[in-house]
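data.txt (compact mmCIF, N, CA and C atoms) appears below.
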# COMPACT_ATOMS: atom_id res chain seq x y z
N MET A 131 143.95 103.90 116.34
CA MET A 131 143.75 103.21 115.09
C MET A 131 142.28 103.27 114.68
N ALA A 132 141.37 103.01 115.61
CA ALA A 132 139.94 103.05 115.30
C ALA A 132 139.51 104.47 114.94
N ALA A 133 140.11 105.45 115.59
CA ALA A 133 139.77 106.84 115.30
C ALA A 133 140.15 107.20 113.87
N THR A 134 141.27 106.68 113.39
CA THR A 134 141.70 106.94 112.02
C THR A 134 140.73 106.31 111.03
N ALA A 135 140.30 105.10 111.31
CA ALA A 135 139.34 104.42 110.43
C ALA A 135 138.01 105.17 110.41
N GLU A 136 137.58 105.66 111.56
CA GLU A 136 136.33 106.43 111.63
C GLU A 136 136.46 107.74 110.86
N LYS A 137 137.61 108.39 110.97
CA LYS A 137 137.83 109.64 110.25
C LYS A 137 137.82 109.40 108.75
N ARG A 138 138.45 108.31 108.31
CA ARG A 138 138.49 107.96 106.90
C ARG A 138 137.09 107.67 106.39
N LEU A 139 136.30 106.95 107.17
CA LEU A 139 134.93 106.64 106.80
C LEU A 139 134.09 107.91 106.70
N PHE A 140 134.27 108.82 107.65
CA PHE A 140 133.54 110.08 107.63
C PHE A 140 133.87 110.89 106.38
N ARG A 141 135.18 110.96 106.02
CA ARG A 141 135.57 111.69 104.81
C ARG A 141 134.97 111.04 103.57
N ASP A 142 134.92 109.73 103.56
CA ASP A 142 134.31 109.02 102.42
C ASP A 142 132.82 109.34 102.32
N GLN A 143 132.16 109.39 103.47
CA GLN A 143 130.73 109.75 103.47
C GLN A 143 130.53 111.18 102.97
N GLN A 144 131.42 112.08 103.36
CA GLN A 144 131.34 113.47 102.88
C GLN A 144 131.54 113.54 101.37
N ARG A 145 132.53 112.79 100.87
CA ARG A 145 132.77 112.77 99.43
C ARG A 145 131.57 112.22 98.68
N ALA A 146 130.99 111.15 99.19
CA ALA A 146 129.82 110.55 98.53
C ALA A 146 128.66 111.53 98.49
N LEU A 147 128.37 112.16 99.60
CA LEU A 147 127.29 113.13 99.65
C LEU A 147 127.54 114.28 98.68
N TYR A 148 128.77 114.78 98.67
CA TYR A 148 129.12 115.87 97.76
C TYR A 148 128.94 115.42 96.30
N ALA A 149 129.47 114.25 95.98
CA ALA A 149 129.40 113.76 94.59
C ALA A 149 127.96 113.61 94.12
N TYR A 150 127.12 112.98 94.93
CA TYR A 150 125.73 112.78 94.52
C TYR A 150 124.98 114.12 94.42
N THR A 151 125.36 115.07 95.25
CA THR A 151 124.72 116.39 95.21
C THR A 151 125.07 117.12 93.92
N VAL A 152 126.36 117.20 93.59
CA VAL A 152 126.76 117.96 92.40
C VAL A 152 126.38 117.24 91.11
N VAL A 153 126.48 115.92 91.09
CA VAL A 153 126.11 115.17 89.88
C VAL A 153 124.61 115.28 89.63
N GLY A 154 123.84 115.33 90.69
CA GLY A 154 122.40 115.49 90.55
C GLY A 154 121.99 116.82 89.95
N GLN A 155 122.90 117.79 89.96
CA GLN A 155 122.60 119.12 89.43
C GLN A 155 123.12 119.33 88.00
N VAL A 156 123.75 118.31 87.42
CA VAL A 156 124.26 118.43 86.05
C VAL A 156 123.07 118.49 85.10
N PRO A 157 123.02 119.53 84.27
CA PRO A 157 121.90 119.66 83.33
C PRO A 157 121.83 118.46 82.38
N LYS A 158 120.64 118.09 82.02
CA LYS A 158 120.41 116.92 81.16
C LYS A 158 121.23 117.00 79.86
N ASP A 159 121.28 118.18 79.25
CA ASP A 159 121.99 118.31 77.98
C ASP A 159 123.51 118.25 78.13
N ALA A 160 124.03 118.33 79.34
CA ALA A 160 125.47 118.26 79.57
C ALA A 160 125.92 116.90 80.11
N GLN A 161 124.98 116.01 80.38
CA GLN A 161 125.30 114.75 81.04
C GLN A 161 126.23 113.85 80.23
N LYS A 162 126.03 113.78 78.93
CA LYS A 162 126.87 112.90 78.11
C LYS A 162 128.34 113.33 78.18
N ASP A 163 128.61 114.61 77.96
CA ASP A 163 129.99 115.11 78.01
C ASP A 163 130.57 115.00 79.41
N TYR A 164 129.75 115.27 80.42
CA TYR A 164 130.20 115.19 81.81
C TYR A 164 130.60 113.75 82.14
N LYS A 165 129.79 112.81 81.71
CA LYS A 165 130.06 111.39 81.98
C LYS A 165 131.39 110.98 81.36
N ILE A 166 131.65 111.40 80.15
CA ILE A 166 132.92 111.07 79.49
C ILE A 166 134.09 111.66 80.27
N ALA A 167 133.96 112.92 80.66
CA ALA A 167 135.03 113.60 81.39
C ALA A 167 135.29 112.94 82.74
N VAL A 168 134.22 112.58 83.45
CA VAL A 168 134.37 111.93 84.76
C VAL A 168 135.00 110.55 84.61
N ASN A 169 134.57 109.80 83.62
CA ASN A 169 135.13 108.45 83.42
C ASN A 169 136.61 108.50 83.08
N ASP A 170 137.05 109.53 82.38
CA ASP A 170 138.46 109.66 82.02
C ASP A 170 139.31 110.21 83.15
N PHE A 171 138.72 111.00 84.03
CA PHE A 171 139.48 111.75 85.02
C PHE A 171 140.32 110.86 85.95
N GLY A 172 139.70 109.89 86.59
CA GLY A 172 140.44 109.02 87.51
C GLY A 172 141.53 108.23 86.81
N ALA A 173 141.23 107.71 85.63
CA ALA A 173 142.23 106.96 84.86
C ALA A 173 143.39 107.87 84.46
N ASN A 174 143.09 109.11 84.10
CA ASN A 174 144.14 110.05 83.73
C ASN A 174 145.03 110.39 84.93
N ILE A 175 144.44 110.47 86.11
CA ILE A 175 145.25 110.72 87.32
C ILE A 175 146.24 109.56 87.50
N LEU A 176 145.74 108.34 87.40
CA LEU A 176 146.60 107.17 87.59
C LEU A 176 147.65 107.06 86.50
N ARG A 177 147.27 107.35 85.28
CA ARG A 177 148.15 107.18 84.14
C ARG A 177 149.22 108.30 84.06
N SER A 178 148.79 109.54 84.28
CA SER A 178 149.68 110.66 83.98
C SER A 178 149.95 111.59 85.16
N GLY A 179 149.22 111.44 86.24
CA GLY A 179 149.39 112.31 87.39
C GLY A 179 148.29 113.36 87.47
N LEU A 180 148.19 113.99 88.61
CA LEU A 180 147.11 114.94 88.87
C LEU A 180 147.20 116.17 87.97
N CYS A 181 148.39 116.72 87.81
CA CYS A 181 148.53 117.92 86.96
C CYS A 181 148.07 117.63 85.54
N ALA A 182 148.52 116.53 84.98
CA ALA A 182 148.16 116.19 83.60
C ALA A 182 146.68 115.89 83.48
N ALA A 183 146.08 115.27 84.49
CA ALA A 183 144.65 114.97 84.45
C ALA A 183 143.83 116.25 84.45
N ILE A 184 144.24 117.21 85.26
CA ILE A 184 143.53 118.49 85.29
C ILE A 184 143.71 119.23 83.97
N ALA A 185 144.91 119.17 83.41
CA ALA A 185 145.15 119.79 82.11
C ALA A 185 144.28 119.16 81.03
N ALA A 186 144.09 117.85 81.10
CA ALA A 186 143.24 117.16 80.12
C ALA A 186 141.79 117.65 80.23
N VAL A 187 141.32 117.87 81.44
CA VAL A 187 139.96 118.38 81.63
C VAL A 187 139.88 119.82 81.12
N GLN A 188 140.91 120.61 81.37
CA GLN A 188 140.92 121.98 80.87
C GLN A 188 140.87 122.03 79.34
N ARG A 189 141.55 121.09 78.69
CA ARG A 189 141.55 121.05 77.22
C ARG A 189 140.17 120.75 76.64
N LEU A 190 139.29 120.19 77.45
CA LEU A 190 137.92 119.93 76.98
C LEU A 190 137.15 121.23 76.80
N GLY A 191 137.67 122.32 77.33
CA GLY A 191 137.01 123.61 77.21
C GLY A 191 135.71 123.64 77.99
N LYS A 192 134.68 124.12 77.35
CA LYS A 192 133.38 124.26 78.00
C LYS A 192 132.87 122.94 78.58
N GLN A 193 133.18 121.85 77.89
CA GLN A 193 132.71 120.54 78.34
C GLN A 193 133.36 120.12 79.67
N GLY A 194 134.56 120.61 79.95
CA GLY A 194 135.24 120.24 81.18
C GLY A 194 135.07 121.23 82.31
N THR A 195 134.48 122.38 82.03
CA THR A 195 134.34 123.44 83.03
C THR A 195 133.56 122.96 84.25
N LEU A 196 132.47 122.27 84.03
CA LEU A 196 131.64 121.81 85.14
C LEU A 196 132.39 120.81 86.02
N LEU A 197 133.12 119.90 85.40
CA LEU A 197 133.90 118.94 86.19
C LEU A 197 134.98 119.66 87.00
N LEU A 198 135.64 120.63 86.39
CA LEU A 198 136.65 121.40 87.14
C LEU A 198 136.03 122.10 88.34
N GLU A 199 134.84 122.65 88.16
CA GLU A 199 134.16 123.30 89.28
C GLU A 199 133.86 122.29 90.38
N HIS A 200 133.44 121.10 89.99
CA HIS A 200 133.09 120.08 90.98
C HIS A 200 134.32 119.57 91.73
N VAL A 201 135.41 119.31 91.04
CA VAL A 201 136.59 118.81 91.76
C VAL A 201 137.22 119.92 92.59
N ALA A 202 137.14 121.15 92.13
CA ALA A 202 137.66 122.26 92.93
C ALA A 202 136.85 122.44 94.21
N GLY A 203 135.55 122.20 94.14
CA GLY A 203 134.67 122.37 95.29
C GLY A 203 134.67 121.20 96.25
N ALA A 204 135.43 120.16 95.94
CA ALA A 204 135.41 118.94 96.75
C ALA A 204 136.26 119.01 98.01
N ALA A 205 136.89 120.13 98.28
CA ALA A 205 137.72 120.32 99.48
C ALA A 205 138.78 119.24 99.60
N VAL A 206 139.51 119.01 98.52
CA VAL A 206 140.61 118.05 98.52
C VAL A 206 141.70 118.57 99.45
N ILE A 207 142.30 117.66 100.19
CA ILE A 207 143.34 118.04 101.15
C ILE A 207 144.47 118.77 100.42
N GLY A 208 144.78 119.98 100.89
CA GLY A 208 145.80 120.81 100.28
C GLY A 208 145.26 121.76 99.23
N LEU A 209 144.01 121.53 98.81
CA LEU A 209 143.40 122.37 97.77
C LEU A 209 142.06 122.92 98.23
N GLU A 210 141.90 123.08 99.52
CA GLU A 210 140.65 123.61 100.05
C GLU A 210 140.46 125.05 99.57
N ASN A 211 139.23 125.43 99.38
CA ASN A 211 138.85 126.79 99.01
C ASN A 211 139.49 127.28 97.71
N VAL A 212 139.75 126.38 96.79
CA VAL A 212 140.31 126.76 95.50
C VAL A 212 139.18 126.95 94.49
N LYS A 213 139.33 127.90 93.61
CA LYS A 213 138.35 128.11 92.55
C LYS A 213 138.80 127.29 91.33
N ALA A 214 137.85 126.91 90.49
CA ALA A 214 138.14 126.07 89.34
C ALA A 214 139.23 126.66 88.46
N GLU A 215 139.18 127.96 88.25
CA GLU A 215 140.17 128.59 87.37
C GLU A 215 141.58 128.63 87.98
N ASP A 216 141.69 128.43 89.29
CA ASP A 216 142.99 128.43 89.97
C ASP A 216 143.48 127.02 90.32
N LEU A 217 142.68 126.01 90.01
CA LEU A 217 142.99 124.65 90.44
C LEU A 217 144.34 124.16 89.89
N ALA A 218 144.56 124.29 88.60
CA ALA A 218 145.81 123.79 88.00
C ALA A 218 147.02 124.49 88.62
N ARG A 219 146.95 125.79 88.77
CA ARG A 219 148.06 126.53 89.36
C ARG A 219 148.34 126.07 90.78
N ARG A 220 147.27 125.92 91.57
CA ARG A 220 147.45 125.50 92.97
C ARG A 220 148.05 124.10 93.06
N VAL A 221 147.64 123.21 92.16
CA VAL A 221 148.21 121.86 92.17
C VAL A 221 149.70 121.93 91.85
N ARG A 222 150.07 122.74 90.87
CA ARG A 222 151.49 122.87 90.50
C ARG A 222 152.32 123.47 91.64
N GLU A 223 151.71 124.25 92.50
CA GLU A 223 152.45 124.89 93.60
C GLU A 223 152.65 123.97 94.81
N LEU A 224 151.98 122.83 94.84
CA LEU A 224 152.11 121.92 95.98
C LEU A 224 153.50 121.32 96.03
N ASP A 225 154.02 121.11 97.26
CA ASP A 225 155.29 120.39 97.38
C ASP A 225 155.02 118.90 97.16
N ALA A 226 156.05 118.10 97.09
CA ALA A 226 155.91 116.69 96.72
C ALA A 226 154.97 115.93 97.65
N ASP A 227 155.12 116.12 98.95
CA ASP A 227 154.26 115.40 99.90
C ASP A 227 152.80 115.83 99.76
N ALA A 228 152.56 117.12 99.67
CA ALA A 228 151.19 117.62 99.53
C ALA A 228 150.59 117.18 98.19
N TYR A 229 151.42 117.11 97.16
CA TYR A 229 150.95 116.65 95.84
C TYR A 229 150.48 115.20 95.91
N MET A 230 151.24 114.36 96.60
CA MET A 230 150.87 112.95 96.74
C MET A 230 149.57 112.80 97.52
N ILE A 231 149.42 113.57 98.58
CA ILE A 231 148.20 113.51 99.38
C ILE A 231 147.01 114.02 98.58
N ALA A 232 147.19 115.13 97.87
CA ALA A 232 146.11 115.68 97.05
C ALA A 232 145.73 114.71 95.94
N THR A 233 146.71 114.03 95.37
CA THR A 233 146.44 113.05 94.32
C THR A 233 145.59 111.91 94.86
N ARG A 234 145.97 111.39 96.02
CA ARG A 234 145.20 110.30 96.64
C ARG A 234 143.77 110.75 96.94
N ASP A 235 143.65 111.94 97.50
CA ASP A 235 142.32 112.45 97.84
C ASP A 235 141.49 112.70 96.58
N MET A 236 142.12 113.23 95.54
CA MET A 236 141.40 113.50 94.29
C MET A 236 140.95 112.20 93.63
N LEU A 237 141.72 111.13 93.77
CA LEU A 237 141.29 109.83 93.24
C LEU A 237 140.00 109.37 93.92
N HIS A 238 139.90 109.61 95.21
CA HIS A 238 138.67 109.27 95.94
C HIS A 238 137.49 110.11 95.43
N VAL A 239 137.73 111.38 95.21
CA VAL A 239 136.68 112.26 94.67
C VAL A 239 136.26 111.77 93.29
N ALA A 240 137.23 111.45 92.44
CA ALA A 240 136.93 110.98 91.09
C ALA A 240 136.10 109.69 91.13
N MET A 241 136.45 108.80 92.06
CA MET A 241 135.72 107.55 92.20
C MET A 241 134.26 107.81 92.58
N TRP A 242 134.04 108.70 93.53
CA TRP A 242 132.67 108.99 93.96
C TRP A 242 131.88 109.71 92.88
N LEU A 243 132.52 110.61 92.14
CA LEU A 243 131.82 111.26 91.03
C LEU A 243 131.42 110.23 89.98
N LYS A 244 132.31 109.29 89.70
CA LYS A 244 132.00 108.25 88.71
C LYS A 244 130.84 107.37 89.20
N ARG A 245 130.87 106.99 90.45
CA ARG A 245 129.77 106.20 91.01
C ARG A 245 128.44 106.95 90.95
N ALA A 246 128.49 108.23 91.26
CA ALA A 246 127.27 109.06 91.24
C ALA A 246 126.73 109.17 89.82
N VAL A 247 127.61 109.33 88.85
CA VAL A 247 127.19 109.40 87.45
C VAL A 247 126.54 108.08 87.04
N GLN A 248 127.17 106.96 87.40
CA GLN A 248 126.62 105.65 87.04
C GLN A 248 125.25 105.44 87.66
N ALA A 249 125.06 105.92 88.86
CA ALA A 249 123.80 105.69 89.57
C ALA A 249 122.72 106.70 89.18
N THR A 250 123.12 107.88 88.72
CA THR A 250 122.17 108.97 88.51
C THR A 250 121.76 109.16 87.06
N PHE A 251 122.73 109.10 86.15
CA PHE A 251 122.43 109.34 84.74
C PHE A 251 121.75 108.12 84.13
N GLU A 252 120.91 108.37 83.15
CA GLU A 252 120.22 107.26 82.47
C GLU A 252 121.17 106.58 81.50
Mind converting the file's structure to structure tokens?
Amino acid sequence: MAATAEKRLFRDQQRALYAYTVVGQVPKDAQKDYKIAVNDFGANILRSGLCAAIAAVQRLGKQGTLLLEHVAGAAVIGLENVKAEDLARRVRELDADAYMIATRDMLHVAMWLKRAVQATFE
């Protein structure tokens, strides 16, 4: 039981480090659009599901490209080593159990990206 809690804490630390690293690299002129996309992403996952949330980011076009790259690079369980342009397809190919796990993991990523944006952007 303690090993599971330690593993969960370690993954959370990895997500936090990743989020603060990638958010810190967002160009100043893209921060406003990125912040809007990040703030919507987690809520869209909860409201409509992971596939629909990714589709919503894709519909943003150029404004959502950076966020797609960041969530694709987050090594979400079941979606490791995926490229941004393949993310939606890979999510659709997941079986039900893997989809639920990836959704939970992606919610954690979205939360850390949102926290990093709140702490980093002016």
Near region 216-228 of chain A, 7 Å: region 131-187 of chain A residue rows, closest pairs, all atoms listed in the file, as a Markdown table:
| residue | atom | partner | partner_atom | distance |
| --- | --- | --- | --- | --- |
| A:Cys181 | CA | A:Arg222 | N | 6.4 |
| A:Ile184 | CA | A:Ala218 | CA | 6.4 |
| A:Ala185 | N | A:Ala218 | CA | 6.6 |
Check: In terms of the shortest atom-to-atom distance over all atoms listed in the file, which of A:Pro157, A:Ala183, A:Glu136, A:Leu243 is closest to Phe171 (chain A)?
Finding: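 Among A:Pro157, A:Ala183, A:Glu136, A:Leu243, it is A:Ala183 that comes nearest to Phe171 (chain A).
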How big is the axis-aligned box around the listed atoms of region 203-221 of chain A once 8 Å is added on each side, and where is its centre? Give both in Å to one decimal, as JSON.
{"center_x": 142.2, "center_y": 123.1, "center_z": 94.3, "size_x": 31.0, "size_y": 27.0, "size_z": 29.8}
I want to know what sits within 9 Å of Val239 (chain A), based on only C-alpha atoms, with residues of the same chain fewer than 6 positions away left out; could you give that as a short mmCIF file (atom, residue, chain, number, x, y, z; two decimals) with N, CA and C atoms, keeping the file's coordinate frame?
data_model
loop_
_atom_site.label_atom_id
_atom_site.label_comp_id
_atom_site.auth_asym_id
_atom_site.auth_seq_id
_atom_site.Cartn_x
_atom_site.Cartn_y
_atom_site.Cartn_z
N ASP A 142 134.92 109.73 103.56
CA ASP A 142 134.31 109.02 102.42
C ASP A 142 132.82 109.34 102.32
N ARG A 145 132.53 112.79 100.87
CA ARG A 145 132.77 112.77 99.43
C ARG A 145 131.57 112.22 98.68
N ALA A 146 130.99 111.15 99.19
CA ALA A 146 129.82 110.55 98.53
C ALA A 146 128.66 111.53 98.49
N TYR A 148 128.77 114.78 98.67
CA TYR A 148 129.12 115.87 97.76
C TYR A 148 128.94 115.42 96.30
N ALA A 149 129.47 114.25 95.98
CA ALA A 149 129.40 113.76 94.59
C ALA A 149 127.96 113.61 94.12
N GLY A 172 139.70 109.89 86.59
CA GLY A 172 140.44 109.02 87.51
C GLY A 172 141.53 108.23 86.81
N VAL A 201 135.41 119.31 91.04
CA VAL A 201 136.59 118.81 91.76
C VAL A 201 137.22 119.92 92.59
N ALA A 204 135.43 120.16 95.94
CA ALA A 204 135.41 118.94 96.75
C ALA A 204 136.26 119.01 98.01
N VAL A 206 139.51 119.01 98.52
CA VAL A 206 140.61 118.05 98.52
C VAL A 206 141.70 118.57 99.45
#
Item checked: Shortest interatomic distance to Ala160 (chain A) - which of A:Val212, A:Leu196, A:Leu237, A:Ala205, counting only C-alpha atoms ->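 Counting only C-alpha atoms, the residue closest to Ala160 (chain A) is A:Leu196.
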Notebook entry, point to check: Between A:Asp235, A:Asp163, A:Glu252, A:Asp170, which is the closest to Leu209 (chain A) once you count only C-alpha atoms?
Noted result: A:Asp235
Checklist line | Closest of A:Val187, A:Lys137, A:Leu176, A:Thr151 to Arg234 (chain A) - atom-to-atom distances counting only C-alpha atoms | finding: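 With only C-alpha atoms as the atom set, the closest residue is A:Leu176.
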